[in-house]
$ cat model12.cif   # mmCIF, C-alpha atoms
data_upload
loop_
_atom_site.label_atom_id
_atom_site.label_comp_id
_atom_site.auth_asym_id
_atom_site.auth_seq_id
_atom_site.Cartn_x
_atom_site.Cartn_y
_atom_site.Cartn_z
CA MET D 1 -4.53 -9.50 10.71
CA SER D 2 -5.24 -5.85 9.98
CA ASN D 3 -4.96 -4.30 6.54
CA ALA D 4 -1.96 -2.28 7.74
CA ASP D 5 -0.21 -5.47 8.87
CA GLN D 6 -0.87 -7.14 5.52
CA ILE D 7 0.43 -4.07 3.68
CA SER D 8 3.56 -3.99 5.87
CA GLU D 9 4.25 -7.67 5.22
CA TYR D 10 3.95 -7.19 1.47
CA ILE D 11 6.18 -4.09 1.39
CA VAL D 12 8.87 -5.74 3.48
CA ARG D 13 8.74 -8.96 1.45
CA GLU D 14 8.93 -7.19 -1.91
CA PHE D 15 10.91 -4.00 -1.30
CA LEU D 16 12.63 -4.00 2.11
CA PRO D 17 13.92 -7.53 2.75
CA ASP D 18 16.39 -6.32 5.40
CA LEU D 19 13.49 -5.36 7.70
CA THR D 20 10.77 -7.28 9.45
CA PRO D 21 7.17 -6.04 9.18
CA SER D 22 7.29 -4.84 12.79
CA GLN D 23 10.32 -2.67 11.98
CA LEU D 24 8.47 -0.78 9.24
CA PRO D 25 6.87 2.34 10.72
CA HIS D 26 3.36 2.75 9.35
CA ASP D 27 4.03 6.45 8.80
CA MET D 28 7.35 5.98 6.96
CA ASP D 29 7.36 7.92 3.68
CA LEU D 30 8.05 5.06 1.28
CA LEU D 31 8.62 7.40 -1.66
CA ALA D 32 10.87 10.01 -0.03
CA ASP D 33 12.87 7.33 1.80
CA GLY D 34 13.50 5.43 -1.45
CA ALA D 35 11.73 2.22 -0.48
CA LEU D 36 9.52 2.57 -3.57
CA ASP D 37 10.35 3.94 -6.98
CA SER D 38 7.81 4.49 -9.76
CA LEU D 39 7.85 0.83 -10.82
CA GLY D 40 7.52 -0.23 -7.19
CA VAL D 41 4.45 1.97 -6.82
CA LEU D 42 2.88 0.32 -9.86
CA LYS D 43 3.64 -3.12 -8.43
CA LEU D 44 2.16 -2.06 -5.09
CA ILE D 45 -0.99 -0.73 -6.76
CA ALA D 46 -1.44 -3.99 -8.68
CA TRP D 47 -1.08 -5.93 -5.41
CA VAL D 48 -3.60 -3.67 -3.62
CA GLU D 49 -6.10 -4.18 -6.45
CA HIS D 50 -5.68 -7.94 -6.39
CA HIS D 51 -5.30 -8.53 -2.65
CA PHE D 52 -8.06 -6.19 -1.50
CA ARG D 53 -10.26 -6.68 -4.58
CA LEU D 54 -10.35 -2.98 -5.43
CA ALA D 55 -10.26 -1.17 -8.73
CA VAL D 56 -7.77 1.69 -8.48
CA GLY D 57 -9.04 4.32 -10.88
CA ASP D 58 -6.99 6.92 -12.72
CA THR D 59 -8.05 9.62 -10.26
CA ASP D 60 -6.78 7.45 -7.39
CA LEU D 61 -3.25 7.23 -8.78
CA ASP D 62 -2.17 10.15 -6.61
CA PRO D 63 1.15 9.25 -4.95
CA GLU D 64 -0.27 10.53 -1.65
CA ASN D 65 -2.55 7.46 -1.58
CA PHE D 66 0.49 5.15 -1.62
CA ARG D 67 3.10 7.16 0.30
CA SER D 68 2.97 5.13 3.56
CA VAL D 69 1.32 2.10 5.09
CA ASN D 70 -1.11 4.45 6.84
CA ALA D 71 -1.93 6.22 3.56
CA ILE D 72 -2.54 2.93 1.75
CA ASP D 73 -4.70 1.67 4.62
CA ALA D 74 -6.74 4.90 4.56
CA TYR D 75 -7.10 4.69 0.78
CA ILE D 76 -8.43 1.12 1.05
CA ALA D 77 -10.93 2.17 3.72
CA ARG D 78 -12.13 5.14 1.60
CA SER D 79 -12.44 2.97 -1.49
CA ARG D 80 -14.43 0.31 0.31
CA SER D 81 -16.67 2.93 1.88
CA ALA D 82 -17.29 4.57 -1.50
CA ALA D 83 -18.06 1.19 -3.07
CA ALA D 84 -20.48 0.33 -0.27
CA THR D 85 -22.37 3.60 -0.69
CA GLY D 86 -22.29 3.42 -4.46
CA GLY D 87 -20.04 6.45 -4.79
#
$ encode --input "model12.cif" --output "structure tokens"
Amino acid sequence: MSNADQISEYIVREFLPDLTPSQLPHDMDLLADGALDSLGVLKLIAWVEHHFRLAVGDTDLDPENFRSVNAIDAYIARSRSAAATGG
């Protein structure tokens, strides 16, 4: 299962129970569309840290990193790449 699929499943389970993961567009703006509020973003960040074993630093708390499934997936890829290269 891809990271994007795992992210979709979590978001649907926790924030959009009326949808199925396949109904959640990966480019849907979760903030503008009201799927996530500020507390939801914090819960999502905590899940990303735990599930993907990443440390989300203060500079990474930009809402753009958590605006959509695609954005979260890209953030995870960048963070893993930076960790692998020591940066």
$ residues_around --input "model12.cif" --residues "Leu31 (chain D)" --least-positions-apart "3" --cutoff "10 Å" --atoms "all atoms listed in the file" --output "PyMOL selection string"
chain D and resi 28+34-38+40-41+63-64+66-68
$ residues_around --input "model12.cif" --residues "region 77-79 of chain D" --least-positions-apart "2" --cutoff "12 Å" --atoms "all atoms listed in the file" --output "NGL selection string"
:D and (2-4 or 48-49 or 52-57 or 59-60 or 65 or 70-75 or 81-87)
$ resolve_selection --input "model12.cif" --expression "the PyMOL selection byres ((chain D and resi 15) around 12)" --output "PyMOL selection string"
chain D and resi 7-14+16-21+24+30-31+33-37+39-41+43-44
$ atom_distance --input "model12.cif" --atom1 "CA of Pro25 (chain D)" --atom2 "CA of Val69 (chain D)"
7.9 Å
$ atom_distance --input "model12.cif" --atom1 "CA of Met1 (chain D)" --atom2 "CA of Asp29 (chain D)"
22.2 Å
$ axis_aligned_box --input "model12.cif" --around "region 63-82 of chain D" --padding-each-side "3 Å" --output "lines of an AutoDock Vina configuration file"
center_x = -7.1
center_y = 5.4
center_z = 0.9
size_x = 26.4
size_y = 16.2
size_z = 17.8
$ decode --input "model12.cif" --residues "region 37-63 of chain D" --atoms "N, CA, C and O atoms" --output "tab-separated table (two decimals), in the first residue's frame"
chain	number	residue	atom	x	y	z
D	37	ASP	N	-9.38	21.13	10.61
D	37	ASP	CA	-9.22	22.41	11.28
D	37	ASP	C	-7.85	22.39	11.96
D	37	ASP	O	-7.07	21.45	11.75
D	38	SER	N	-7.53	23.39	12.73
D	38	SER	CA	-6.19	23.47	13.32
D	38	SER	C	-5.89	22.28	14.23
D	38	SER	O	-4.78	21.75	14.22
D	39	LEU	N	-6.87	21.84	15.01
D	39	LEU	CA	-6.64	20.68	15.86
D	39	LEU	C	-6.50	19.41	15.03
D	39	LEU	O	-5.71	18.52	15.36
D	40	GLY	N	-7.24	19.32	13.94
D	40	GLY	CA	-7.12	18.18	13.04
D	40	GLY	C	-5.74	18.10	12.41
D	40	GLY	O	-5.18	17.02	12.26
D	41	VAL	N	-5.19	19.27	12.06
D	41	VAL	CA	-3.84	19.30	11.49
D	41	VAL	C	-2.83	18.79	12.51
D	41	VAL	O	-1.94	18.00	12.18
D	42	LEU	N	-2.98	19.20	13.76
D	42	LEU	CA	-2.06	18.73	14.81
D	42	LEU	C	-2.18	17.22	14.99
D	42	LEU	O	-1.17	16.52	15.14
D	43	LYS	N	-3.40	16.71	14.96
D	43	LYS	CA	-3.61	15.27	15.09
D	43	LYS	C	-2.99	14.54	13.89
D	43	LYS	O	-2.34	13.50	14.05
D	44	LEU	N	-3.15	15.10	12.71
D	44	LEU	CA	-2.57	14.51	11.50
D	44	LEU	C	-1.05	14.51	11.57
D	44	LEU	O	-0.41	13.50	11.25
D	45	ILE	N	-0.47	15.60	12.02
D	45	ILE	CA	0.99	15.68	12.15
D	45	ILE	C	1.50	14.63	13.14
D	45	ILE	O	2.50	13.95	12.87
D	46	ALA	N	0.82	14.48	14.27
D	46	ALA	CA	1.22	13.48	15.25
D	46	ALA	C	1.16	12.07	14.64
D	46	ALA	O	2.05	11.25	14.87
D	47	TRP	N	0.12	11.81	13.85
D	47	TRP	CA	-0.01	10.51	13.20
D	47	TRP	C	1.13	10.30	12.19
D	47	TRP	O	1.71	9.22	12.13
D	48	VAL	N	1.43	11.32	11.38
D	48	VAL	CA	2.51	11.21	10.39
D	48	VAL	C	3.83	10.90	11.10
D	48	VAL	O	4.58	10.02	10.67
D	49	GLU	N	4.10	11.62	12.19
D	49	GLU	CA	5.33	11.37	12.94
D	49	GLU	C	5.40	9.92	13.42
D	49	GLU	O	6.43	9.25	13.26
D	50	HIS	N	4.32	9.46	14.01
D	50	HIS	CA	4.30	8.10	14.56
D	50	HIS	C	4.29	7.04	13.46
D	50	HIS	O	5.11	6.11	13.48
D	51	HIS	N	3.39	7.17	12.51
D	51	HIS	CA	3.19	6.14	11.49
D	51	HIS	C	4.39	6.01	10.55
D	51	HIS	O	4.77	4.91	10.17
D	52	PHE	N	4.96	7.14	10.16
D	52	PHE	CA	6.07	7.13	9.21
D	52	PHE	C	7.42	7.31	9.89
D	52	PHE	O	8.44	7.42	9.22
D	53	ARG	N	7.43	7.35	11.21
D	53	ARG	CA	8.65	7.47	12.00
D	53	ARG	C	9.50	8.66	11.55
D	53	ARG	O	10.68	8.54	11.24
D	54	LEU	N	8.83	9.82	11.52
D	54	LEU	CA	9.49	11.08	11.14
D	54	LEU	C	9.38	12.06	12.30
D	54	LEU	O	8.42	12.02	13.05
D	55	ALA	N	10.34	12.93	12.38
D	55	ALA	CA	10.26	14.04	13.32
D	55	ALA	C	9.89	15.29	12.51
D	55	ALA	O	10.66	15.72	11.65
D	56	VAL	N	8.71	15.82	12.76
D	56	VAL	CA	8.27	17.02	12.07
D	56	VAL	C	8.78	18.21	12.87
D	56	VAL	O	8.35	18.46	13.99
D	57	GLY	N	9.75	18.92	12.29
D	57	GLY	CA	10.35	20.06	12.97
D	57	GLY	C	9.50	21.30	12.86
D	57	GLY	O	8.55	21.37	12.07
D	58	ASP	N	9.84	22.29	13.66
D	58	ASP	CA	9.09	23.56	13.67
D	58	ASP	C	9.04	24.19	12.28
D	58	ASP	O	8.01	24.76	11.89
D	59	THR	N	10.12	24.09	11.52
D	59	THR	CA	10.14	24.71	10.20
D	59	THR	C	9.28	23.94	9.21
D	59	THR	O	8.94	24.47	8.15
D	60	ASP	N	8.90	22.71	9.55
D	60	ASP	CA	8.06	21.90	8.68
D	60	ASP	C	6.57	22.08	8.95
D	60	ASP	O	5.74	21.49	8.27
D	61	LEU	N	6.23	22.89	9.93
D	61	LEU	CA	4.83	23.05	10.31
D	61	LEU	C	4.06	23.98	9.39
D	61	LEU	O	2.98	24.44	9.73
D	62	ASP	N	4.57	24.20	8.22
D	62	ASP	CA	3.89	24.99	7.19
D	62	ASP	C	2.62	24.25	6.76
D	62	ASP	O	2.70	23.09	6.38
D	63	PRO	N	1.48	24.92	6.79
D	63	PRO	CA	0.24	24.25	6.37
D	63	PRO	C	0.30	23.68	4.96
D	63	PRO	O	-0.39	22.71	4.65
